[in-house]
file input-v8.csv (CSV, C-alpha atoms)
chain,number,residue,atom,x,y,z
X,287,MET,CA,1.1,-38.9,-76.6
X,288,ALA,CA,2.9,-42.2,-76.0
X,289,ARG,CA,1.2,-44.7,-73.7
X,290,TYR,CA,1.3,-48.4,-72.9
X,291,THR,CA,-1.2,-50.4,-74.9
X,292,GLY,CA,-0.3,-53.9,-74.0
X,293,PRO,CA,-1.9,-56.4,-71.5
X,294,ASP,CA,-2.1,-54.9,-68.0
X,295,CYS,CA,-1.7,-58.3,-66.3
X,296,ARG,CA,1.6,-58.8,-68.1
X,297,LEU,CA,3.0,-55.8,-66.1
X,298,CYS,CA,1.9,-57.3,-62.8
X,299,ARG,CA,3.6,-60.6,-63.7
X,300,ARG,CA,6.8,-58.7,-64.8
X,301,GLU,CA,7.0,-57.0,-61.4
X,302,GLY,CA,6.1,-60.0,-59.4
X,303,CYS,CA,3.2,-58.4,-57.5
X,304,LYS,CA,-0.3,-57.1,-58.0
X,305,LEU,CA,-0.4,-53.5,-59.3
X,306,PHE,CA,-4.2,-53.5,-59.3
X,307,LEU,CA,-4.4,-52.3,-62.9
X,308,LYS,CA,-7.6,-54.3,-63.7
X,309,GLY,CA,-9.8,-53.0,-60.9
X,310,THR,CA,-12.0,-55.6,-59.1
X,311,ARG,CA,-10.6,-58.4,-61.2
X,312,CYS,CA,-7.4,-58.2,-59.3
X,313,TYR,CA,-9.3,-59.2,-56.1
X,314,THR,CA,-10.6,-62.5,-57.7
X,315,LYS,CA,-9.1,-65.8,-58.7
X,316,LYS,CA,-9.2,-64.6,-62.3
X,317,CYS,CA,-6.2,-62.4,-61.6
X,318,ALA,CA,-3.2,-63.5,-63.7
X,319,MET,CA,-1.0,-63.3,-60.6
X,320,GLU,CA,-3.1,-66.0,-59.0
X,321,ARG,CA,-2.6,-68.4,-61.9
X,322,HIS,CA,0.8,-67.4,-63.2
X,323,SER,CA,2.9,-65.7,-60.6
X,324,TYR,CA,6.1,-65.9,-62.6
X,325,ALA,CA,7.3,-63.4,-65.1
X,326,PRO,CA,6.0,-63.5,-68.7
X,327,GLY,CA,8.0,-65.0,-71.6
X,328,GLU,CA,10.0,-68.2,-72.1
X,329,ALA,CA,12.6,-67.2,-69.5
X,330,GLY,CA,10.0,-66.1,-67.0
X,331,LYS,CA,10.4,-69.2,-64.7
X,332,ARG,CA,14.1,-68.8,-64.4
X,333,ARG,CA,15.5,-67.2,-61.4
X,334,PRO,CA,16.9,-63.8,-62.4
X,335,ARG,CA,20.4,-62.7,-61.4
X,336,GLU,CA,20.0,-60.4,-58.5
X,337,SER,CA,21.9,-57.2,-58.3
X,338,GLN,CA,21.5,-53.8,-56.5
X,339,TYR,CA,20.9,-52.1,-59.9
X,340,ARG,CA,18.2,-54.6,-60.8
X,341,THR,CA,16.4,-54.2,-57.5
X,342,GLN,CA,16.4,-50.4,-57.8
X,343,LEU,CA,15.3,-50.5,-61.5
X,344,ARG,CA,12.4,-52.9,-60.7
X,345,GLU,CA,11.2,-50.6,-57.9
X,346,LYS,CA,11.2,-47.6,-60.2
X,347,GLN,CA,9.4,-49.6,-63.0
X,348,LYS,CA,6.8,-50.9,-60.5
X,349,THR,CA,6.0,-47.4,-59.3
X,350,LYS,CA,5.8,-46.0,-62.8
X,351,ARG,CA,3.3,-48.7,-63.8
X,352,ILE,CA,1.2,-48.3,-60.7
X,353,TYR,CA,0.6,-44.6,-61.4
X,354,GLY,CA,0.6,-45.0,-65.2
X,355,VAL,CA,3.5,-42.5,-65.8
X,356,LEU,CA,6.1,-42.9,-68.5
X,357,GLU,CA,9.9,-42.3,-67.9
X,358,LYS,CA,10.2,-38.7,-69.0
X,359,GLN,CA,7.4,-37.5,-66.8
X,360,PHE,CA,8.5,-39.7,-63.9
X,361,ARG,CA,12.0,-38.3,-64.1
X,362,SER,CA,10.5,-34.8,-64.0
X,363,TYR,CA,8.6,-35.7,-60.8
X,364,TYR,CA,11.8,-37.0,-59.2
X,365,GLU,CA,13.7,-33.8,-60.1
X,366,LYS,CA,10.9,-31.7,-58.7
X,367,ALA,CA,10.8,-33.8,-55.5
X,368,ASN,CA,14.6,-33.5,-55.2
X,369,ARG,CA,14.4,-29.7,-55.2
X,370,GLN,CA,11.8,-29.6,-52.5
X,371,SER,CA,12.7,-29.6,-48.8
X,372,GLY,CA,12.2,-32.9,-46.9
X,373,VAL,CA,12.8,-36.5,-47.8
X,374,THR,CA,13.0,-36.8,-51.6
X,375,GLY,CA,11.4,-40.3,-51.8
X,376,GLU,CA,8.4,-39.2,-49.8
X,377,ASN,CA,8.1,-36.0,-51.8
X,378,LEU,CA,8.0,-38.1,-55.0
X,379,LEU,CA,5.2,-40.3,-53.8
X,380,ARG,CA,3.3,-37.2,-52.6
X,381,LEU,CA,3.5,-35.6,-56.0
X,382,LEU,CA,2.3,-38.8,-57.7
X,383,GLU,CA,-0.6,-39.1,-55.2
X,384,CYS,CA,-1.7,-35.6,-55.9
X,385,ARG,CA,-2.2,-36.2,-59.6
X,386,LEU,CA,-5.9,-35.6,-60.4
X,387,ASP,CA,-6.3,-39.0,-62.1
X,388,ASN,CA,-5.0,-40.7,-58.9
X,389,VAL,CA,-7.3,-38.6,-56.7
X,390,VAL,CA,-10.4,-39.6,-58.8
X,391,TYR,CA,-9.3,-43.2,-58.4
X,392,ARG,CA,-8.7,-42.9,-54.7
X,393,LEU,CA,-12.1,-41.3,-54.2
X,394,GLY,CA,-13.7,-44.4,-55.8
X,395,PHE,CA,-15.1,-42.7,-58.9
X,396,ALA,CA,-13.1,-45.1,-61.1
X,397,ARG,CA,-12.0,-48.7,-60.8
X,398,THR,CA,-8.5,-48.1,-62.1
X,399,ARG,CA,-6.2,-45.2,-62.5
X,400,ALA,CA,-6.4,-45.7,-66.3
X,401,GLU,CA,-10.2,-45.4,-66.1
X,402,ALA,CA,-9.8,-42.3,-64.0
X,403,ARG,CA,-7.4,-40.8,-66.5
X,404,GLN,CA,-9.9,-41.3,-69.3
X,405,GLN,CA,-12.7,-39.7,-67.2
X,406,VAL,CA,-10.5,-36.6,-66.7
X,407,ARG,CA,-9.6,-36.4,-70.4
X,408,HIS,CA,-13.2,-36.6,-71.5
X,409,GLY,CA,-14.1,-33.7,-69.3
X,410,HIS,CA,-16.2,-35.6,-66.7
X,411,ILE,CA,-14.3,-34.3,-63.7
X,412,ASN,CA,-14.5,-30.8,-62.1
X,413,VAL,CA,-12.1,-29.2,-59.7
X,414,ASN,CA,-13.6,-26.4,-57.6
X,415,GLY,CA,-16.5,-26.3,-60.1
X,416,LYS,CA,-14.4,-25.9,-63.2
X,417,LYS,CA,-13.7,-28.6,-65.8
X,418,VAL,CA,-10.2,-29.9,-65.8
X,419,THR,CA,-9.0,-32.2,-68.6
X,420,ILE,CA,-5.4,-32.7,-67.6
X,421,PRO,CA,-4.8,-36.0,-65.7
X,422,SER,CA,-1.5,-34.7,-64.2
X,423,TYR,CA,-3.2,-31.7,-62.7
X,424,MET,CA,-1.9,-31.3,-59.2
X,425,VAL,CA,-4.6,-31.0,-56.6
X,426,ARG,CA,-4.1,-28.9,-53.4
X,427,LYS,CA,-5.4,-28.9,-49.9
X,428,GLY,CA,-9.0,-27.6,-49.9
X,429,ASP,CA,-9.7,-28.5,-53.5
X,430,LEU,CA,-13.2,-30.0,-54.3
X,431,ILE,CA,-13.2,-32.7,-56.9
X,432,SER,CA,-16.6,-33.7,-58.3
X,433,VAL,CA,-18.1,-35.6,-61.2
X,434,ALA,CA,-19.6,-33.2,-63.8
X,435,GLU,CA,-23.4,-33.1,-63.7
X,436,GLY,CA,-23.8,-34.6,-67.2
X,437,ALA,CA,-21.5,-37.5,-66.3
X,438,LYS,CA,-23.1,-38.7,-63.0
X,439,GLU,CA,-25.2,-41.3,-64.7
X,440,LEU,CA,-22.5,-42.8,-66.9
X,441,ASN,CA,-22.4,-46.5,-66.6
X,442,ASN,CA,-18.6,-46.8,-65.9
X,443,ILE,CA,-18.8,-44.3,-63.0
X,444,GLN,CA,-21.9,-46.0,-61.5
X,445,ARG,CA,-20.3,-49.4,-61.9
X,446,SER,CA,-17.2,-48.1,-60.2
X,447,ILE,CA,-19.2,-47.0,-57.1
X,448,ILE,CA,-20.9,-50.4,-56.9
X,449,ASP,CA,-17.7,-52.4,-57.4
X,450,ASN,CA,-15.7,-50.4,-54.9
X,451,ALA,CA,-18.4,-50.7,-52.3
X,452,GLU,CA,-18.5,-54.5,-52.8
X,453,ILE,CA,-14.8,-54.9,-52.1
X,454,ALA,CA,-14.7,-52.1,-49.5
X,455,VAL,CA,-11.9,-50.1,-51.0
X,456,PRO,CA,-10.9,-47.6,-48.3
X,457,VAL,CA,-10.6,-43.9,-49.1
X,458,PRO,CA,-7.2,-42.6,-47.8
X,459,ALA,CA,-7.3,-40.4,-44.7
X,460,TRP,CA,-6.1,-37.3,-46.6
X,461,LEU,CA,-9.2,-37.3,-48.7
X,462,GLU,CA,-12.9,-37.1,-47.9
X,463,ALA,CA,-15.4,-38.7,-50.2
X,464,ASP,CA,-19.1,-37.9,-50.6
X,465,ILE,CA,-20.3,-40.8,-52.7
X,466,GLU,CA,-24.0,-39.7,-52.6
X,467,HIS,CA,-23.1,-36.4,-54.4
X,468,LEU,CA,-20.2,-37.9,-56.3
X,469,GLN,CA,-17.7,-35.5,-55.0
X,470,GLY,CA,-14.7,-35.4,-52.6
X,471,SER,CA,-12.3,-33.0,-51.1
X,472,VAL,CA,-8.6,-32.8,-50.3
X,473,ILE,CA,-8.4,-32.3,-46.5
X,474,SER,CA,-4.6,-32.5,-46.1
X,475,VAL,CA,-1.4,-33.1,-47.9
X,476,PRO,CA,-0.8,-36.9,-48.1
X,477,GLN,CA,1.8,-38.2,-45.6
X,478,ARG,CA,3.8,-41.4,-46.2
X,479,ASP,CA,1.9,-43.5,-43.7
X,480,GLN,CA,-1.3,-42.6,-45.5
X,481,ILE,CA,-0.1,-44.0,-48.9
X,482,ASP,CA,-0.9,-47.7,-48.7
X,483,LEU,CA,1.4,-48.9,-51.4
X,484,ASP,CA,4.3,-51.4,-51.1
X,485,ILE,CA,6.9,-49.0,-52.6
X,486,LYS,CA,10.4,-48.7,-51.4
X,487,GLU,CA,11.0,-45.1,-52.6
X,488,GLN,CA,14.5,-45.0,-51.2
X,489,LEU,CA,15.6,-47.5,-53.9
X,490,ILE,CA,14.3,-45.1,-56.6
X,491,VAL,CA,16.2,-42.2,-55.1
X,492,GLU,CA,19.4,-44.3,-55.0
X,493,LEU,CA,18.9,-45.3,-58.7
X,494,TYR,CA,18.5,-41.7,-59.9
X,495,SER,CA,21.3,-40.5,-57.6
X,496,LYS,CA,24.0,-42.5,-59.4
call {"tool": "encode", "arguments": {"input": "input-v8.csv", "output": "structure tokens"}}
result
Amino acid sequence: MARYTGPDCRLCRREGCKLFLKGTRCYTKKCAMERHSYAPGEAGKRRPRESQYRTQLREKQKTKRIYGVLEKQFRSYYEKANRQSGVTGENLLRLLECRLDNVVYRLGFARTRAEARQQVRHGHINVNGKKVTIPSYMVRKGDLISVAEGAKELNNIQRSIIDNAEIAVPVPAWLEADIEHLQGSVISVPQRDQIDLDIKEQLIVELYSK
């Protein structure tokens, strides 16, 4: 399966904002955005020519990179969101938030979404007591997400718990985490005001609507 394998910090610099792809490093002065806030490459320091299309494209690219989704799958999420009732942009973010890898990250069991995706693929995460190895699995209200018994002592999971506690990363209101037992539950469908990301989803809808 295709996936991005380049430097994560390069993506943040390209979008001109922190995407928090490196976990706790993004909260320190070691973050590349703190040292080089301009875009990568020789032309990075030049002021780009602004246009409506560029603004819309960059918003879509930023959202894809935050959630670690490639174009084909992202387009599929948009089409599904467009078929649902309600606001398309909010539906899109709701679908992305309900991915299992994102929920594992939001509960604090991983430092990044990429790390959460790896945990799911390696069979370290259970949903309602059953192993699920598909990162794009859509969780529902009432689902119980837990770390598998044999994975609770893994160094990366324990390190994630410690690091997230140190920087006080909040668990969103639509989830409930039980760190002591390494499990959490989906208590409601995420609403837009519960998604703490600087994403202008209407720009993405405008881009795909052309």
call {"tool": "residues_around", "arguments": {"input": "input-v8.csv", "residues": "Trp460 in chain X", "least_positions_apart": "2", "cutoff": "10 Å", "atoms": "all atoms listed in the file", "output": "compact mmCIF listing (two decimals) with C-alpha atoms, keeping the file's coordinate frame"}}
result
# COMPACT_ATOMS: atom_id res chain seq x y z
CA LYS X 427 -5.40 -28.90 -49.90
CA VAL X 457 -10.60 -43.90 -49.10
CA PRO X 458 -7.20 -42.60 -47.80
CA GLU X 462 -12.90 -37.10 -47.90
CA SER X 471 -12.30 -33.00 -51.10
CA VAL X 472 -8.60 -32.80 -50.30
CA ILE X 473 -8.40 -32.30 -46.50
CA SER X 474 -4.60 -32.50 -46.10
CA VAL X 475 -1.40 -33.10 -47.90
CA PRO X 476 -0.80 -36.90 -48.10
CA GLN X 477 1.80 -38.20 -45.60
CA GLN X 480 -1.30 -42.60 -45.50
CA ILE X 481 -0.10 -44.00 -48.90
call {"tool": "closest_residue", "arguments": {"input": "input-v8.csv", "among": "X:Ile411, X:Pro421, X:Val406, X:Thr341", "to": "Gly354 in chain X", "atoms": "only C-alpha atoms"}}
result
X:Pro421
call {"tool": "closest_residue", "arguments": {"input": "input-v8.csv", "among": "X:Ile485, X:Leu379, X:Phe360, X:Ile443", "to": "Tyr391 in chain X", "atoms": "all atoms listed in the file"}}
result
X:Ile443
call {"tool": "atom_distance", "arguments": {"input": "input-v8.csv", "atom1": "CA of Glu466 in chain X", "atom2": "CA of His408 in chain X"}}
result
22.0 Å
call {"tool": "residues_around", "arguments": {"input": "input-v8.csv", "residues": "range 362-365 of chain X", "least_positions_apart": "6", "cutoff": "9 Å", "atoms": "all atoms listed in the file", "output": "MDAnalysis selection string"}}
result
chainID X and resid 374:375 377:378 381:382 490:491 494
call {"tool": "atom_distance", "arguments": {"input": "input-v8.csv", "atom1": "CA of Ile453 in chain X", "atom2": "CA of Gln404 in chain X"}}
result
22.5 Å
call {"tool": "atom_distance", "arguments": {"input": "input-v8.csv", "atom1": "CA of Asp387 in chain X", "atom2": "CA of Leu489 in chain X"}}
result
24.9 Å
call {"tool": "residues_around", "arguments": {"input": "input-v8.csv", "residues": "Glu492 in chain X", "least_positions_apart": "6", "cutoff": "10 Å", "atoms": "all atoms listed in the file", "output": "list in words"}}
result
Gln338, Tyr339, Gln342, Leu343 and Gly375 of chain X
call {"tool": "closest_residue", "arguments": {"input": "input-v8.csv", "among": "X:Leu468, X:Thr398, X:Val418, X:Ala367", "to": "Leu440 in chain X", "atoms": "only C-alpha atoms"}}
result
X:Leu468
